[in-house]
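First comes the structure, then the notes that go with it.
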Amino acid sequence: MKSFKKLALTAMMTGVLAITAACGAQGTEGKEQAGEEAKQLQGEIKIDGSSTVFPIMEAVVEEYGMEEPNVKVSVGVSGTGGGFEAFIAGETELSNASRPIKDEEKAALEEEGIEFTELKLAYDGLSVIVNKENDFVDHLTVDELKKMWIEDGTVKKWSDIRPEWPEEEIKFYSPGTDSGTFDYFNEVILEDEPIVEKATLSEDDNILVQGVQGDKNAIGYFGYAYYLENKDSLKIVPIDGGDGPVEPTNETIESGEYAPLSRPLFTYVKNTAVKEQEEVYDFVKFLIENSAVLSEDVGYVKLPEEEYTKALETLESLK
Amino acid sequence: MHLIDHKSVVKRMKSRLAMNIFSKSVFFAATMFALLILGVLLYRVFTQGFGYLDLQFLQSLPSRKPEQAGVYAALIGSIWLMGVVAPVSLLLGVGTAIYLEEYAKLNKMTAFIKVNISNLAGVPSIVFGLLGLTVFVRALALGTSVLAAGLTMSLLVLPIIIVASQEAIRAVPKELREASYGMGATKWQTIVRVVLPAAIPGILTGGILALSRAIGETAPLVVIGLPLFLAFLPNTLLDMITVLPMQIYNWTGRPQAEFHALAAAGIIVLLVLLIIMNSIAVLIRNKFQKRY
């Protein structure tokens, strides 16, 4: 009877141990496989930062893994700011960003003695969209966008923007204030004035898509990829940045014609890592060479060819 | 000999019976409501994700091409995480509960500790993430490892286990303990051979709830900086992992509808993992319940 008690008591512990043991077995298997190919590059590359840039990095790392299976690459999604924090702490070799580095981040890196190089990977065109049933909005100028989106204490109606438009309240849908998308919109449209208080904010752009789909008086903005996926159920608003209304397309975004709402996506590379770690250099080279194709694959727009050539030259000069 | 007034009984019978039926249907509806929601949820997840659920999905790494994407690294990562959380949180949690219920004197200090443990259970999970980032990842320099993630999650679920274990230990009849002392057993012998076996069903119920929460949490792990894409698997406790909820969360945020279906398939995998864990716990529980 006593031994049975003990047996039963240990059953709980064994269950836990069994799980641990199972994982251990899985792990060693992977290690053996890796050991077989000794000629290739080895090492660890840690990447963190913007979740907007993540799909590009995921695609690049996926392809790179087929060429160099022994280089252990990890990609995190702490957000642009969180990524820079880890970059400053020296925890990562590459830091993805959906906005250029801020001065205070630069200063912090300088203080730590970390030299870095900025690389552009692709463009994203912030797309301003309205409900499919909205038949009066043909285009908007940057000034009209600003008038619409900043908080001035009044209830915004379409007729406030242009008198011939209906006298109905505008419903706003915007990415959350923590996102790089909001940051960019803030920089070029809001110019640091507060966004309309009634705006529905969401970190998930799919929610914004649904919001605008379901409300006739809605207007929203988000990344180009979300517009592409829902092209049939949304109406795109051409934006007039001073040279006539332009609709975001792969061509207008790449050429820079769709201004000011096309934004570059970046990754920041630690210089010493490129110099001292063969695998980092090799990975960054692969990244630049393949960004054009892979970024279009995941719904972004490639940079003009010469931008990538320039980036490769910069990389070579770091070595 | 008319102790019961038959007339008045008959008169009130109808309303009493009606009340009976009414309350029964209210509670039945309450149960059905929960079941209905669960049904709708399962239906949506299964119809969306079933098409992507196959062996390849379990054996592949994430990919930009939905048909090639899988949850391998995340699934293994989640199992590793449980491998850390389960022993750490159960040992610490049950240990604390034994101390508080069996050893600690009933003074203000003990009461203060108990109240605080209950309060801890209500702290938002993201706060535990920040704690894990400063203490485990940075100060103890564990990095974004299995160990750091596991310890953070253990802290998160510890209050649930402690409170459940306390209740379970308290519910063990006094007679059992007294009989044990009466037979000359020491306090430790009584705890190990009498109290714990009797309390194990309750402790395990708390444990199931706690581990289910730990396996489904995303926020604290994002905060401590676990990577999302990993092209390799962990070998030691200091290696990096990624986990299922993070993978699911990322897929639901993608623009392409195919990734939303992948997220649903990921949810099914997470559900199956949960059911397996829970069944193990239920099996152990039943074994002990039969003995009393």
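If you're wondering about the labels, chains in the structure tokens are A, B, ... by order shown, residues count from 1 in each chain, ligands from 1 in order shown.
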
>> Quick one: residues within 9 Å of segment 105-111 of chain A, only C-alpha atoms, excluding same-chain residues fewer than 5 positions away - as an NGL selection string?
In response: :A and (81 or 84-85 or 87-89 or 116)

List the spatial neighbours of segment 181-190 of chain B as a PDB file with N, CA, C and O atoms, in the first residue's frame - criterion: any atom at most 12 Å away, only C-alpha atoms, same-chain residues fewer than 6 positions off excluded.
ATOM      1  N   ILE B  98       1.570  24.791   1.126  1.00  0.00           N
ATOM      2  CA  ILE B  98       1.798  23.943   2.301  1.00  0.00           C
ATOM      3  C   ILE B  98       2.290  24.790   3.466  1.00  0.00           C
ATOM      4  O   ILE B  98       1.802  24.674   4.594  1.00  0.00           O
ATOM      5  N   TYR B  99       3.225  25.701   3.168  1.00  0.00           N
ATOM      6  CA  TYR B  99       3.746  26.542   4.248  1.00  0.00           C
ATOM      7  C   TYR B  99       2.623  27.374   4.859  1.00  0.00           C
ATOM      8  O   TYR B  99       2.431  27.396   6.074  1.00  0.00           O
ATOM      9  N   GLU B 102      -0.102  24.885   6.563  1.00  0.00           N
ATOM     10  CA  GLU B 102       0.287  23.914   7.585  1.00  0.00           C
ATOM     11  C   GLU B 102       1.259  24.476   8.617  1.00  0.00           C
ATOM     12  O   GLU B 102       1.222  24.108   9.772  1.00  0.00           O
ATOM     13  N   TYR B 103       2.180  25.309   8.171  1.00  0.00           N
ATOM     14  CA  TYR B 103       3.233  25.754   9.083  1.00  0.00           C
ATOM     15  C   TYR B 103       3.022  27.159   9.623  1.00  0.00           C
ATOM     16  O   TYR B 103       3.219  27.417  10.802  1.00  0.00           O
ATOM     17  N   VAL B 172      -9.047  19.279   3.275  1.00  0.00           N
ATOM     18  CA  VAL B 172      -8.774  17.929   3.802  1.00  0.00           C
ATOM     19  C   VAL B 172      -9.316  17.852   5.232  1.00  0.00           C
ATOM     20  O   VAL B 172      -8.986  18.693   6.069  1.00  0.00           O
ATOM     21  N   LYS B 174     -10.128  17.500   9.043  1.00  0.00           N
ATOM     22  CA  LYS B 174      -9.260  17.541  10.222  1.00  0.00           C
ATOM     23  C   LYS B 174      -9.039  16.150  10.803  1.00  0.00           C
ATOM     24  O   LYS B 174      -7.973  15.828  11.286  1.00  0.00           O
ATOM     25  N   GLU B 175     -10.081  15.325  10.732  1.00  0.00           N
ATOM     26  CA  GLU B 175     -10.007  13.980  11.320  1.00  0.00           C
ATOM     27  C   GLU B 175      -8.843  13.180  10.746  1.00  0.00           C
ATOM     28  O   GLU B 175      -8.182  12.421  11.445  1.00  0.00           O
ATOM     29  N   LEU B 196      -1.333  15.668   1.401  1.00  0.00           N
ATOM     30  CA  LEU B 196      -1.111  15.864  -0.027  1.00  0.00           C
ATOM     31  C   LEU B 196      -1.894  14.893  -0.912  1.00  0.00           C
ATOM     32  O   LEU B 196      -2.574  15.322  -1.844  1.00  0.00           O
ATOM     33  N   PRO B 197      -1.860  13.591  -0.627  1.00  0.00           N
ATOM     34  CA  PRO B 197      -2.647  12.685  -1.478  1.00  0.00           C
ATOM     35  C   PRO B 197      -4.122  13.043  -1.500  1.00  0.00           C
ATOM     36  O   PRO B 197      -4.774  12.963  -2.540  1.00  0.00           O
ATOM     37  N   ALA B 198      -4.645  13.495  -0.354  1.00  0.00           N
ATOM     38  CA  ALA B 198      -6.061  13.856  -0.324  1.00  0.00           C
ATOM     39  C   ALA B 198      -6.318  15.159  -1.072  1.00  0.00           C
ATOM     40  O   ALA B 198      -7.399  15.384  -1.602  1.00  0.00           O
TER      41      ALA B 198
END

>> List the spatial neighbours of Gln48 of chain B as a PyMOL selection string - criterion: any atom at most 12 Å away, only C-alpha atoms, same-chain residues fewer than 5 positions off excluded.
In response: chain B and resi 41-43+53+257-268

Write a file of the selected residues as a tab-separated table (two decimals), in the first residue's frame, keeping N, CA and C atoms.
chain	number	residue	atom	x	y	z
B	41	LEU	N	-17.50	29.21	-31.85
B	41	LEU	CA	-16.07	29.42	-31.93
B	41	LEU	C	-15.38	28.24	-32.59
B	42	LEU	N	-15.70	27.04	-32.10
B	42	LEU	CA	-15.08	25.84	-32.66
B	42	LEU	C	-15.44	25.69	-34.13
B	43	TYR	N	-16.70	25.96	-34.45
B	43	TYR	CA	-17.14	25.82	-35.84
B	43	TYR	C	-16.33	26.73	-36.74
B	53	LEU	N	-4.67	21.93	-41.99
B	53	LEU	CA	-4.16	21.08	-40.93
B	53	LEU	C	-3.73	19.73	-41.48
B	257	ALA	N	-5.83	36.66	-46.53
B	257	ALA	CA	-6.83	35.80	-45.88
B	257	ALA	C	-6.28	34.40	-45.62
B	258	GLU	N	-5.34	33.94	-46.47
B	258	GLU	CA	-4.77	32.60	-46.28
B	258	GLU	C	-4.09	32.48	-44.92
B	259	PHE	N	-3.46	33.58	-44.48
B	259	PHE	CA	-2.77	33.54	-43.19
B	259	PHE	C	-3.78	33.47	-42.04
B	260	HIS	N	-4.97	34.05	-42.26
B	260	HIS	CA	-5.99	33.97	-41.21
B	260	HIS	C	-6.43	32.51	-41.05
B	261	ALA	N	-6.49	31.79	-42.17
B	261	ALA	CA	-6.83	30.37	-42.10
B	261	ALA	C	-5.72	29.60	-41.39
B	262	LEU	N	-4.46	29.99	-41.66
B	262	LEU	CA	-3.34	29.35	-40.97
B	262	LEU	C	-3.44	29.58	-39.47
B	263	ALA	N	-3.85	30.79	-39.10
B	263	ALA	CA	-4.00	31.11	-37.68
B	263	ALA	C	-5.02	30.16	-37.06
B	264	ALA	N	-6.12	29.92	-37.78
B	264	ALA	CA	-7.16	29.02	-37.28
B	264	ALA	C	-6.59	27.61	-37.11
B	265	ALA	N	-5.79	27.17	-38.07
B	265	ALA	CA	-5.17	25.85	-37.97
B	265	ALA	C	-4.24	25.80	-36.75
B	266	GLY	N	-3.52	26.91	-36.52
B	266	GLY	CA	-2.65	27.00	-35.35
B	266	GLY	C	-3.44	26.90	-34.06
B	267	ILE	N	-4.63	27.51	-34.05
B	267	ILE	CA	-5.48	27.46	-32.85
B	267	ILE	C	-5.90	26.02	-32.58
B	268	ILE	N	-6.20	25.27	-33.65
B	268	ILE	CA	-6.59	23.87	-33.46
B	268	ILE	C	-5.44	23.09	-32.82

> Any idea what's packed within 12 Å of Gly153 of chain A, counting only C-alpha atoms, ignoring anything in its chain fewer than 6 positions away? Could you give it as an NGL selection string?
Replying inline: :A and (147 or 194-198)

Please identify every residue of segment 68-118 of chain A that has at least one atom no farther than 6 Å from an atom of segment 263-275 of chain A, counting only C-alpha atoms, and for each give the shortest atom pair and the distance in Å to one decimal, arranged by chain then increasing number, as JSON lines.
{"residue": "A:Glu93", "atom": "CA", "partner": "A:Lys270", "partner_atom": "CA", "distance": 5.5}
{"residue": "A:Leu94", "atom": "CA", "partner": "A:Val269", "partner_atom": "CA", "distance": 4.7}
{"residue": "A:Ser95", "atom": "CA", "partner": "A:Tyr268", "partner_atom": "CA", "distance": 5.0}
{"residue": "A:Asn96", "atom": "CA", "partner": "A:Thr267", "partner_atom": "CA", "distance": 4.2}
{"residue": "A:Ala97", "atom": "CA", "partner": "A:Phe266", "partner_atom": "CA", "distance": 5.1}
{"residue": "A:Ser98", "atom": "CA", "partner": "A:Leu265", "partner_atom": "CA", "distance": 4.8}
{"residue": "A:Glu115", "atom": "CA", "partner": "A:Asn271", "partner_atom": "CA", "distance": 5.6}
{"residue": "A:Phe116", "atom": "CA", "partner": "A:Lys270", "partner_atom": "CA", "distance": 4.6}
{"residue": "A:Thr117", "atom": "CA", "partner": "A:Val269", "partner_atom": "CA", "distance": 5.2}
{"residue": "A:Glu118", "atom": "CA", "partner": "A:Tyr268", "partner_atom": "CA", "distance": 4.7}

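Using only C-alpha atoms, the nearest neighbour of Ala292 of chain A within the list A:Lys231, A:Lys72, A:Lys120, A:Lys156 is A:Lys120.
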